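Peer 1: Structure file work-v9.pdb (PDB, C-alpha atoms and all ligand atoms) right here:
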```pdb
MODEL        1
ATOM      1  CA  MET U  25     183.173   0.694 103.604  1.00  0.00           C
ATOM      2  CA  ILE U  26     181.880  -0.457 106.975  1.00  0.00           C
ATOM      3  CA  SER U  27     184.209   0.168 109.938  1.00  0.00           C
ATOM      4  CA  GLN U  28     185.540  -2.657 112.078  1.00  0.00           C
ATOM      5  CA  LYS U  29     184.018  -0.943 115.118  1.00  0.00           C
ATOM      6  CA  LEU U  30     180.551  -1.132 113.572  1.00  0.00           C
ATOM      7  CA  VAL U  31     181.104  -4.733 112.417  1.00  0.00           C
ATOM      8  CA  ASP U  32     182.102  -5.691 115.984  1.00  0.00           C
ATOM      9  CA  ALA U  33     179.026  -3.959 117.401  1.00  0.00           C
ATOM     10  CA  LEU U  34     176.757  -5.706 114.877  1.00  0.00           C
ATOM     11  CA  ASN U  35     178.364  -9.083 115.615  1.00  0.00           C
ATOM     12  CA  ASP U  36     177.645  -8.461 119.299  1.00  0.00           C
ATOM     13  CA  GLN U  37     174.026  -7.737 118.446  1.00  0.00           C
ATOM     14  CA  ILE U  38     173.749 -10.873 116.278  1.00  0.00           C
ATOM     15  CA  ALA U  39     174.793 -12.850 119.373  1.00  0.00           C
ATOM     16  CA  PHE U  40     172.297 -10.891 121.488  1.00  0.00           C
ATOM     17  CA  GLU U  41     169.456 -11.664 119.060  1.00  0.00           C
ATOM     18  CA  ILE U  42     170.329 -15.379 119.224  1.00  0.00           C
ATOM     19  CA  HIS U  43     170.505 -15.046 123.014  1.00  0.00           C
ATOM     20  CA  SER U  44     167.045 -13.439 122.883  1.00  0.00           C
ATOM     21  CA  ALA U  45     165.807 -16.453 120.889  1.00  0.00           C
ATOM     22  CA  LEU U  46     167.107 -18.768 123.621  1.00  0.00           C
ATOM     23  CA  ILE U  47     165.410 -16.688 126.323  1.00  0.00           C
ATOM     24  CA  TYR U  48     162.066 -17.014 124.514  1.00  0.00           C
ATOM     25  CA  LYS U  49     162.593 -20.743 123.946  1.00  0.00           C
ATOM     26  CA  ALA U  50     163.219 -21.114 127.697  1.00  0.00           C
ATOM     27  CA  MET U  51     160.004 -19.157 128.338  1.00  0.00           C
ATOM     28  CA  GLN U  52     158.175 -21.503 125.949  1.00  0.00           C
ATOM     29  CA  ALA U  53     159.539 -24.456 127.932  1.00  0.00           C
ATOM     30  CA  TYR U  54     158.169 -22.919 131.147  1.00  0.00           C
ATOM     31  CA  PHE U  55     154.700 -22.491 129.605  1.00  0.00           C
ATOM     32  CA  GLU U  56     154.761 -26.024 128.131  1.00  0.00           C
ATOM     33  CA  ALA U  57     155.518 -27.368 131.629  1.00  0.00           C
ATOM     34  CA  GLU U  58     152.807 -25.207 133.217  1.00  0.00           C
ATOM     35  CA  ASP U  59     150.180 -26.286 130.631  1.00  0.00           C
ATOM     36  CA  PHE U  60     149.642 -22.949 128.918  1.00  0.00           C
ATOM     37  CA  PRO U  61     149.906 -24.038 125.248  1.00  0.00           C
ATOM     38  CA  GLY U  62     148.815 -20.656 123.870  1.00  0.00           C
ATOM     39  CA  MET U  63     151.481 -18.732 125.779  1.00  0.00           C
ATOM     40  CA  ALA U  64     153.987 -21.419 124.784  1.00  0.00           C
ATOM     41  CA  ASN U  65     152.989 -20.839 121.151  1.00  0.00           C
ATOM     42  CA  TRP U  66     153.452 -17.070 121.535  1.00  0.00           C
ATOM     43  CA  MET U  67     156.957 -17.629 122.882  1.00  0.00           C
ATOM     44  CA  ASN U  68     157.797 -20.040 120.076  1.00  0.00           C
ATOM     45  CA  VAL U  69     156.787 -17.415 117.510  1.00  0.00           C
ATOM     46  CA  GLN U  70     158.960 -14.918 119.383  1.00  0.00           C
ATOM     47  CA  PHE U  71     161.843 -17.426 119.271  1.00  0.00           C
ATOM     48  CA  GLN U  72     161.512 -17.655 115.478  1.00  0.00           C
ATOM     49  CA  GLU U  73     161.333 -13.867 115.165  1.00  0.00           C
ATOM     50  CA  GLU U  74     164.563 -13.424 117.107  1.00  0.00           C
ATOM     51  CA  LEU U  75     166.357 -15.939 114.900  1.00  0.00           C
ATOM     52  CA  ALA U  76     165.110 -13.991 111.870  1.00  0.00           C
ATOM     53  CA  HIS U  77     166.457 -10.765 113.420  1.00  0.00           C
ATOM     54  CA  ALA U  78     169.862 -12.422 113.851  1.00  0.00           C
ATOM     55  CA  GLU U  79     169.741 -13.711 110.273  1.00  0.00           C
ATOM     56  CA  LYS U  80     168.821 -10.280 108.913  1.00  0.00           C
ATOM     57  CA  MET U  81     171.747  -8.672 110.750  1.00  0.00           C
ATOM     58  CA  PHE U  82     174.160 -11.458 109.744  1.00  0.00           C
ATOM     59  CA  ASN U  83     173.282 -10.965 106.076  1.00  0.00           C
ATOM     60  CA  PHE U  84     173.767  -7.205 106.338  1.00  0.00           C
ATOM     61  CA  VAL U  85     177.249  -7.604 107.851  1.00  0.00           C
ATOM     62  CA  CYS U  86     178.238 -10.028 105.064  1.00  0.00           C
ATOM     63  CA  GLU U  87     176.793  -7.853 102.291  1.00  0.00           C
ATOM     64  CA  ALA U  88     178.442  -4.745 103.712  1.00  0.00           C
ATOM     65  CA  GLY U  89     181.830  -6.453 103.404  1.00  0.00           C
ATOM     66  CA  GLY U  90     182.296  -7.183 107.106  1.00  0.00           C
ATOM     67  CA  ARG U  91     183.349 -10.442 108.697  1.00  0.00           C
ATOM     68  CA  ALA U  92     180.377 -11.909 110.561  1.00  0.00           C
ATOM     69  CA  LYS U  93     181.288 -13.906 113.652  1.00  0.00           C
ATOM     70  CA  MET U  94     179.395 -16.096 116.111  1.00  0.00           C
ATOM     71  CA  LEU U  95     179.923 -15.089 119.731  1.00  0.00           C
ATOM     72  CA  ALA U  96     178.937 -17.135 122.778  1.00  0.00           C
ATOM     73  CA  MET U  97     176.382 -15.808 125.239  1.00  0.00           C
ATOM     74  CA  THR U  98     175.281 -16.920 128.695  1.00  0.00           C
ATOM     75  CA  GLU U  99     172.610 -19.470 129.693  1.00  0.00           C
ATOM     76  CA  PRO U 100     169.111 -17.964 129.553  1.00  0.00           C
ATOM     77  CA  GLN U 101     166.833 -17.758 132.583  1.00  0.00           C
ATOM     78  CA  ASN U 102     164.798 -20.975 132.701  1.00  0.00           C
ATOM     79  CA  ASP U 103     162.691 -20.587 135.853  1.00  0.00           C
ATOM     80  CA  TYR U 104     159.828 -18.169 136.418  1.00  0.00           C
ATOM     81  CA  SER U 105     157.243 -17.655 139.140  1.00  0.00           C
ATOM     82  CA  SER U 106     154.116 -16.886 137.065  1.00  0.00           C
ATOM     83  CA  PRO U 107     152.924 -15.922 133.551  1.00  0.00           C
ATOM     84  CA  LEU U 108     153.069 -12.259 134.626  1.00  0.00           C
ATOM     85  CA  ASN U 109     156.666 -12.738 135.789  1.00  0.00           C
ATOM     86  CA  VAL U 110     157.547 -14.215 132.365  1.00  0.00           C
ATOM     87  CA  PHE U 111     156.066 -11.351 130.368  1.00  0.00           C
ATOM     88  CA  GLU U 112     157.542  -8.706 132.689  1.00  0.00           C
ATOM     89  CA  THR U 113     160.936 -10.349 132.165  1.00  0.00           C
ATOM     90  CA  ALA U 114     160.307 -10.353 128.395  1.00  0.00           C
ATOM     91  CA  LEU U 115     159.450  -6.644 128.396  1.00  0.00           C
ATOM     92  CA  ALA U 116     162.530  -5.773 130.485  1.00  0.00           C
ATOM     93  CA  HIS U 117     164.609  -7.749 127.988  1.00  0.00           C
ATOM     94  CA  GLU U 118     163.087  -5.938 125.014  1.00  0.00           C
ATOM     95  CA  GLN U 119     163.856  -2.604 126.669  1.00  0.00           C
ATOM     96  CA  ILE U 120     167.513  -3.659 126.785  1.00  0.00           C
ATOM     97  CA  VAL U 121     167.329  -4.640 123.091  1.00  0.00           C
ATOM     98  CA  THR U 122     165.843  -1.230 122.257  1.00  0.00           C
ATOM     99  CA  SER U 123     168.664   0.569 124.016  1.00  0.00           C
ATOM    100  CA  ARG U 124     171.237  -1.605 122.214  1.00  0.00           C
ATOM    101  CA  ILE U 125     169.616  -0.858 118.826  1.00  0.00           C
ATOM    102  CA  ASN U 126     169.628   2.857 119.659  1.00  0.00           C
ATOM    103  CA  ASP U 127     173.351   2.627 120.516  1.00  0.00           C
ATOM    104  CA  LEU U 128     173.998   0.912 117.169  1.00  0.00           C
ATOM    105  CA  MET U 129     172.080   3.638 115.357  1.00  0.00           C
ATOM    106  CA  GLU U 130     174.093   6.343 117.135  1.00  0.00           C
ATOM    107  CA  LEU U 131     177.331   4.608 116.132  1.00  0.00           C
ATOM    108  CA  ALA U 132     176.196   4.385 112.486  1.00  0.00           C
ATOM    109  CA  GLN U 133     175.268   8.091 112.620  1.00  0.00           C
ATOM    110  CA  ALA U 134     178.611   9.057 114.171  1.00  0.00           C
ATOM    111  CA  GLU U 135     180.388   7.162 111.408  1.00  0.00           C
ATOM    112  CA  LYS U 136     178.121   8.689 108.737  1.00  0.00           C
ATOM    113  CA  ASN U 137     177.323   5.166 107.514  1.00  0.00           C
ATOM    114  CA  HIS U 138     174.023   5.860 105.748  1.00  0.00           C
ATOM    115  CA  ALA U 139     173.448   2.280 104.603  1.00  0.00           C
ATOM    116  CA  ALA U 140     173.743   1.030 108.190  1.00  0.00           C
ATOM    117  CA  GLN U 141     171.376   3.759 109.398  1.00  0.00           C
ATOM    118  CA  ILE U 142     168.742   2.773 106.834  1.00  0.00           C
ATOM    119  CA  PHE U 143     169.231  -0.886 107.753  1.00  0.00           C
ATOM    120  CA  LEU U 144     168.950  -0.203 111.494  1.00  0.00           C
ATOM    121  CA  GLN U 145     165.799   1.864 111.001  1.00  0.00           C
ATOM    122  CA  TRP U 146     163.878  -1.397 110.524  1.00  0.00           C
ATOM    123  CA  PHE U 147     165.020  -2.571 113.966  1.00  0.00           C
ATOM    124  CA  VAL U 148     164.135   0.776 115.571  1.00  0.00           C
ATOM    125  CA  THR U 149     160.554   0.393 114.326  1.00  0.00           C
ATOM    126  CA  GLU U 150     160.456  -3.298 115.214  1.00  0.00           C
ATOM    127  CA  GLN U 151     161.383  -2.501 118.821  1.00  0.00           C
ATOM    128  CA  VAL U 152     158.369  -0.213 119.205  1.00  0.00           C
ATOM    129  CA  GLU U 153     156.188  -3.207 118.303  1.00  0.00           C
ATOM    130  CA  GLU U 154     158.173  -5.629 120.468  1.00  0.00           C
ATOM    131  CA  GLU U 155     157.728  -3.490 123.574  1.00  0.00           C
ATOM    132  CA  ALA U 156     154.081  -2.720 122.806  1.00  0.00           C
ATOM    133  CA  SER U 157     153.030  -6.355 122.372  1.00  0.00           C
ATOM    134  CA  ALA U 158     154.682  -7.527 125.625  1.00  0.00           C
ATOM    135  CA  GLY U 159     153.295  -4.451 127.404  1.00  0.00           C
ATOM    136  CA  LEU U 160     149.738  -5.175 126.283  1.00  0.00           C
ATOM    137  CA  ILE U 161     149.887  -8.771 127.534  1.00  0.00           C
ATOM    138  CA  ILE U 162     151.223  -7.543 130.903  1.00  0.00           C
ATOM    139  CA  LYS U 163     148.308  -5.124 131.131  1.00  0.00           C
ATOM    140  CA  LYS U 164     145.821  -7.941 130.537  1.00  0.00           C
ATOM    141  CA  LEU U 165     147.547 -10.272 133.000  1.00  0.00           C
ATOM    142  CA  LYS U 166     147.426  -7.554 135.678  1.00  0.00           C
ATOM    143  CA  MET U 167     143.759  -6.937 134.912  1.00  0.00           C
ATOM    144  CA  ILE U 168     142.770 -10.530 135.676  1.00  0.00           C
ATOM    145  CA  GLU U 169     144.926 -10.696 138.842  1.00  0.00           C
ATOM    146  CA  GLY U 170     145.708 -14.393 138.422  1.00  0.00           C
ATOM    147  CA  ASP U 171     142.063 -15.451 137.894  1.00  0.00           C
ATOM    148  CA  GLY U 172     142.004 -18.935 136.314  1.00  0.00           C
ATOM    149  CA  ARG U 173     139.326 -18.232 133.707  1.00  0.00           C
ATOM    150  CA  GLY U 174     141.042 -15.024 132.698  1.00  0.00           C
ATOM    151  CA  LEU U 175     144.336 -16.859 132.305  1.00  0.00           C
ATOM    152  CA  LEU U 176     142.673 -19.451 130.068  1.00  0.00           C
ATOM    153  CA  MET U 177     141.173 -16.719 127.892  1.00  0.00           C
ATOM    154  CA  ILE U 178     144.546 -15.006 127.470  1.00  0.00           C
ATOM    155  CA  ASP U 179     146.122 -18.375 126.740  1.00  0.00           C
ATOM    156  CA  GLN U 180     143.563 -19.007 123.981  1.00  0.00           C
ATOM    157  CA  GLU U 181     144.202 -15.573 122.523  1.00  0.00           C
ATOM    158  CA  LEU U 182     147.969 -16.083 122.430  1.00  0.00           C
ATOM    159  CA  ALA U 183     147.461 -19.448 120.716  1.00  0.00           C
ATOM    160  CA  GLN U 184     146.386 -17.499 117.606  1.00  0.00           C
ATOM    161  CA  ARG U 185     149.788 -15.912 117.003  1.00  0.00           C
ATOM    162  CA  VAL U 186     151.584 -17.161 113.893  1.00  0.00           C
ATOM    163  CA  PHE U 187     155.101 -16.531 112.685  1.00  0.00           C
ATOM    164  CA  THR U 188     155.245 -14.243 109.665  1.00  0.00           C
ATOM    165  CA  PRO U 189     158.613 -14.496 107.937  1.00  0.00           C
ATOM    166  CA  ILE U 190     160.439 -11.203 107.416  1.00  0.00           C
ATOM    167  CA  ALA U 191     162.781 -10.246 104.584  1.00  0.00           C
ATOM    168  CA  THR U 192     166.224 -11.188 105.850  1.00  0.00           C
ATOM    169  CA  ASN U 193     168.269  -9.806 102.974  1.00  0.00           C
TER     170      ASN U 193
HETATM  171 FE1  LIG U 201     165.117  -8.939 118.245  1.00  0.00          FE
HETATM  172 FE2  LIG U 201     162.916  -8.906 120.384  1.00  0.00          FE
HETATM  173  O1  LIG U 201     164.272  -8.008 119.520  1.00  0.00           O
ENDMDL
END
```
As structure tokens, how would this structure be written, given the file I've shared?
Ligand code: FEO

Peer 2:
Amino acid sequence: MISQKLVDALNDQIAFEIHSALIYKAMQAYFEAEDFPGMANWMNVQFQEELAHAEKMFNFVCEAGGRAKMLAMTEPQNDYSSPLNVFETALAHEQIVTSRINDLMELAQAEKNHAAQIFLQWFVTEQVEEEASAGLIIKKLKMIEGDGRGLLMIDQELAQRVFTPIATN
């Protein structure tokens, strides 16, 4: 049986995943306004991924016999100073997500909830990828130092990203 403490922590994380989705949608809006359609596409895929993360966690709470709840979060940041600023903000956000997932894993371990540990393992691995992909884009953006042609090339590259649905239950 899942503890109420773990259910509460997972409900918090469901809200944080939805909050993450809103952050990426706001970043998409910035790129749409700045005429970077490829970067906007990348953010839209990220938005869909975060909603899938929330859905996956919601389904686990329900299946584990917990009471899933929707919790309100704050307004996401809407204004940014440059593409590099956006991706640095995204990476900093993902680092917070990673630390939250690690905290959840430690709670599941402390409670000897093996099912929750196996479930959370997927998120632990996912966070490695989340941080790596934002980190790589930051590296490229720093390399071009704001050069217009370089920005267009990165924009074209990020236009290729497509959303791949994940198993949510
Ligand atoms: Fe759901 Fe980007 O972590």

Peer 1: Could you list, as a PDB file with C-alpha atoms, keeping the file's coordinate frame, every residue matched by the PyMOL selection byres (((not hetatm)) within 6 of (chain U and resi 201)) in this structure?

Peer 2:
```pdb
ATOM      1  CA  GLU U  41     169.456 -11.664 119.060  1.00  0.00           C
ATOM      2  CA  GLU U  74     164.563 -13.424 117.107  1.00  0.00           C
ATOM      3  CA  HIS U  77     166.457 -10.765 113.420  1.00  0.00           C
ATOM      4  CA  GLU U 118     163.087  -5.938 125.014  1.00  0.00           C
ATOM      5  CA  VAL U 121     167.329  -4.640 123.091  1.00  0.00           C
ATOM      6  CA  GLU U 154     158.173  -5.629 120.468  1.00  0.00           C
TER       7      GLU U 154
END
```

Peer 1: Taking the file above as input, evaluate the PyMOL selection byres (((chain U and resi 139) around 12) and not hetatm) and report the hits as a VMD selection string.

Peer 2: chain U and resid 25 to 26 30 84 to 85 87 to 88 129 132 to 133 135 to 138 140 to 146

Peer 1: Rank U:Glu150, U:Glu155, U:Glu181, U:Asp127 by their smallest atom-to-atom distance to Glu73 in chain U, using all atoms listed in the file, and report the top residue only.

Peer 2: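 The answer is U:Glu150, which sits nearest to Glu73 in chain U.
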
Peer 1: If we count all atoms listed in the file and set the cut-off at 12 Å, which residues sit around Ala96 in chain U, ignoring sequence neighbours fewer than 6 positions away in its own chain? Please answer as a list of chain:residue names.

Peer 2: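 Final neighbour list, sorted by chain and number: U:Asn35, U:Asp36, U:Gln37, U:Ile38, U:Ala39, U:Phe40, U:Glu41, U:Ile42, U:His43, U:Leu46.
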
Peer 1: Enumerate, as a VMD selection string, the residues matched when the PyMOL selection byres (((chain U and resi 66) around 12) and not hetatm) is run on the file above.

Peer 2: chain U and resid 48 to 49 51 to 53 55 to 56 60 to 65 67 to 73 110 to 111 114 157 to 158 161 178 to 187

Peer 1: For a test of reading the model, state the distance in Å between CA of Thr188 in chain U and CA of Ser44 in chain U, rounded to one decimal.

Peer 2: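 Distance reported for this atom pair: 17.7 Å.
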
Peer 1: How many Å lie between CA of Arg173 in chain U and CA of Leu108 in chain U, rounded to one decimal?

Peer 2: 15.0 Å

Peer 1: Which residue out of U:Leu115, U:Ile47, U:Asn109, U:Tyr54 has the minimum interatomic distance to Met97 in chain U when only C-alpha atoms are used?

Peer 2: U:Ile47

Peer 1: Distance CA of Ala76 in chain U-CA of Met177 in chain U, one decimal place?

Peer 2: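 Between CA of Ala76 in chain U and CA of Met177 in chain U the gap works out to 28.9 Å.
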
Peer 1: Missing atoms in range 30-62 of chain U: can you complete it with N, CA and C atoms, as a PDB file, in the frame of the given file?

Peer 2:
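Result went into selection.pdb, see below:
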```
ATOM      1  N   LEU U  30     181.974  -0.874 113.814  1.00  0.00           N
ATOM      2  CA  LEU U  30     180.551  -1.132 113.572  1.00  0.00           C
ATOM      3  C   LEU U  30     180.302  -2.629 113.332  1.00  0.00           C
ATOM      4  N   VAL U  31     181.234  -3.275 112.628  1.00  0.00           N
ATOM      5  CA  VAL U  31     181.104  -4.733 112.417  1.00  0.00           C
ATOM      6  C   VAL U  31     181.105  -5.446 113.772  1.00  0.00           C
ATOM      7  N   ASP U  32     182.029  -5.053 114.655  1.00  0.00           N
ATOM      8  CA  ASP U  32     182.102  -5.691 115.984  1.00  0.00           C
ATOM      9  C   ASP U  32     180.794  -5.487 116.758  1.00  0.00           C
ATOM     10  N   ALA U  33     180.269  -4.266 116.677  1.00  0.00           N
ATOM     11  CA  ALA U  33     179.026  -3.959 117.401  1.00  0.00           C
ATOM     12  C   ALA U  33     177.857  -4.770 116.826  1.00  0.00           C
ATOM     13  N   LEU U  34     177.833  -4.919 115.507  1.00  0.00           N
ATOM     14  CA  LEU U  34     176.757  -5.706 114.877  1.00  0.00           C
ATOM     15  C   LEU U  34     176.910  -7.188 115.215  1.00  0.00           C
ATOM     16  N   ASN U  35     178.153  -7.676 115.240  1.00  0.00           N
ATOM     17  CA  ASN U  35     178.364  -9.083 115.615  1.00  0.00           C
ATOM     18  C   ASN U  35     177.888  -9.334 117.047  1.00  0.00           C
ATOM     19  N   ASP U  36     178.138  -8.368 117.920  1.00  0.00           N
ATOM     20  CA  ASP U  36     177.645  -8.461 119.299  1.00  0.00           C
ATOM     21  C   ASP U  36     176.128  -8.561 119.320  1.00  0.00           C
ATOM     22  N   GLN U  37     175.493  -7.759 118.469  1.00  0.00           N
ATOM     23  CA  GLN U  37     174.026  -7.737 118.446  1.00  0.00           C
ATOM     24  C   GLN U  37     173.475  -9.021 117.820  1.00  0.00           C
ATOM     25  N   ILE U  38     174.185  -9.581 116.847  1.00  0.00           N
ATOM     26  CA  ILE U  38     173.749 -10.873 116.278  1.00  0.00           C
ATOM     27  C   ILE U  38     173.699 -11.904 117.413  1.00  0.00           C
ATOM     28  N   ALA U  39     174.753 -11.909 118.238  1.00  0.00           N
ATOM     29  CA  ALA U  39     174.793 -12.850 119.373  1.00  0.00           C
ATOM     30  C   ALA U  39     173.651 -12.560 120.345  1.00  0.00           C
ATOM     31  N   PHE U  40     173.359 -11.257 120.545  1.00  0.00           N
ATOM     32  CA  PHE U  40     172.297 -10.891 121.488  1.00  0.00           C
ATOM     33  C   PHE U  40     170.924 -11.293 120.962  1.00  0.00           C
ATOM     34  N   GLU U  41     170.733 -11.237 119.646  1.00  0.00           N
ATOM     35  CA  GLU U  41     169.456 -11.664 119.060  1.00  0.00           C
ATOM     36  C   GLU U  41     169.289 -13.182 119.228  1.00  0.00           C
ATOM     37  N   ILE U  42     170.397 -13.919 119.036  1.00  0.00           N
ATOM     38  CA  ILE U  42     170.329 -15.379 119.224  1.00  0.00           C
ATOM     39  C   ILE U  42     170.101 -15.690 120.711  1.00  0.00           C
ATOM     40  N   HIS U  43     170.732 -14.914 121.564  1.00  0.00           N
ATOM     41  CA  HIS U  43     170.505 -15.046 123.014  1.00  0.00           C
ATOM     42  C   HIS U  43     169.027 -14.768 123.340  1.00  0.00           C
ATOM     43  N   SER U  44     168.468 -13.761 122.685  1.00  0.00           N
ATOM     44  CA  SER U  44     167.045 -13.439 122.883  1.00  0.00           C
ATOM     45  C   SER U  44     166.194 -14.640 122.476  1.00  0.00           C
ATOM     46  N   ALA U  45     166.549 -15.269 121.348  1.00  0.00           N
ATOM     47  CA  ALA U  45     165.807 -16.453 120.889  1.00  0.00           C
ATOM     48  C   ALA U  45     165.829 -17.532 121.967  1.00  0.00           C
ATOM     49  N   LEU U  46     166.993 -17.737 122.575  1.00  0.00           N
ATOM     50  CA  LEU U  46     167.107 -18.768 123.621  1.00  0.00           C
ATOM     51  C   LEU U  46     166.266 -18.413 124.847  1.00  0.00           C
ATOM     52  N   ILE U  47     166.237 -17.131 125.188  1.00  0.00           N
ATOM     53  CA  ILE U  47     165.410 -16.688 126.323  1.00  0.00           C
ATOM     54  C   ILE U  47     163.945 -17.039 126.052  1.00  0.00           C
ATOM     55  N   TYR U  48     163.474 -16.740 124.827  1.00  0.00           N
ATOM     56  CA  TYR U  48     162.066 -17.014 124.514  1.00  0.00           C
ATOM     57  C   TYR U  48     161.789 -18.515 124.425  1.00  0.00           C
ATOM     58  N   LYS U  49     162.785 -19.281 123.984  1.00  0.00           N
ATOM     59  CA  LYS U  49     162.593 -20.743 123.946  1.00  0.00           C
ATOM     60  C   LYS U  49     162.479 -21.271 125.378  1.00  0.00           C
ATOM     61  N   ALA U  50     163.284 -20.704 126.286  1.00  0.00           N
ATOM     62  CA  ALA U  50     163.219 -21.114 127.697  1.00  0.00           C
ATOM     63  C   ALA U  50     161.856 -20.732 128.289  1.00  0.00           C
ATOM     64  N   MET U  51     161.325 -19.578 127.866  1.00  0.00           N
ATOM     65  CA  MET U  51     160.004 -19.157 128.338  1.00  0.00           C
ATOM     66  C   MET U  51     158.932 -20.097 127.779  1.00  0.00           C
ATOM     67  N   GLN U  52     159.106 -20.516 126.527  1.00  0.00           N
ATOM     68  CA  GLN U  52     158.175 -21.503 125.949  1.00  0.00           C
ATOM     69  C   GLN U  52     158.202 -22.780 126.792  1.00  0.00           C
ATOM     70  N   ALA U  53     159.405 -23.220 127.147  1.00  0.00           N
ATOM     71  CA  ALA U  53     159.539 -24.456 127.932  1.00  0.00           C
ATOM     72  C   ALA U  53     158.789 -24.334 129.259  1.00  0.00           C
ATOM     73  N   TYR U  54     158.891 -23.158 129.882  1.00  0.00           N
ATOM     74  CA  TYR U  54     158.169 -22.919 131.147  1.00  0.00           C
ATOM     75  C   TYR U  54     156.662 -23.068 130.923  1.00  0.00           C
ATOM     76  N   PHE U  55     156.148 -22.439 129.862  1.00  0.00           N
ATOM     77  CA  PHE U  55     154.700 -22.491 129.605  1.00  0.00           C
ATOM     78  C   PHE U  55     154.245 -23.900 129.203  1.00  0.00           C
ATOM     79  N   GLU U  56     155.109 -24.625 128.468  1.00  0.00           N
ATOM     80  CA  GLU U  56     154.761 -26.024 128.131  1.00  0.00           C
ATOM     81  C   GLU U  56     154.605 -26.819 129.431  1.00  0.00           C
ATOM     82  N   ALA U  57     155.535 -26.620 130.360  1.00  0.00           N
ATOM     83  CA  ALA U  57     155.518 -27.368 131.629  1.00  0.00           C
ATOM     84  C   ALA U  57     154.334 -26.968 132.505  1.00  0.00           C
ATOM     85  N   GLU U  58     153.910 -25.707 132.388  1.00  0.00           N
ATOM     86  CA  GLU U  58     152.807 -25.207 133.217  1.00  0.00           C
ATOM     87  C   GLU U  58     151.440 -25.379 132.539  1.00  0.00           C
ATOM     88  N   ASP U  59     151.431 -26.030 131.373  1.00  0.00           N
ATOM     89  CA  ASP U  59     150.180 -26.286 130.631  1.00  0.00           C
ATOM     90  C   ASP U  59     149.450 -25.022 130.171  1.00  0.00           C
ATOM     91  N   PHE U  60     150.222 -24.110 129.598  1.00  0.00           N
ATOM     92  CA  PHE U  60     149.642 -22.949 128.918  1.00  0.00           C
ATOM     93  C   PHE U  60     150.096 -23.010 127.454  1.00  0.00           C
ATOM     94  N   PRO U  61     149.430 -23.841 126.626  1.00  0.00           N
ATOM     95  CA  PRO U  61     149.906 -24.038 125.248  1.00  0.00           C
ATOM     96  C   PRO U  61     149.867 -22.783 124.389  1.00  0.00           C
ATOM     97  N   GLY U  62     148.909 -21.885 124.663  1.00  0.00           N
ATOM     98  CA  GLY U  62     148.815 -20.656 123.870  1.00  0.00           C
ATOM     99  C   GLY U  62     150.001 -19.729 124.152  1.00  0.00           C
TER     100      GLY U  62
END
```
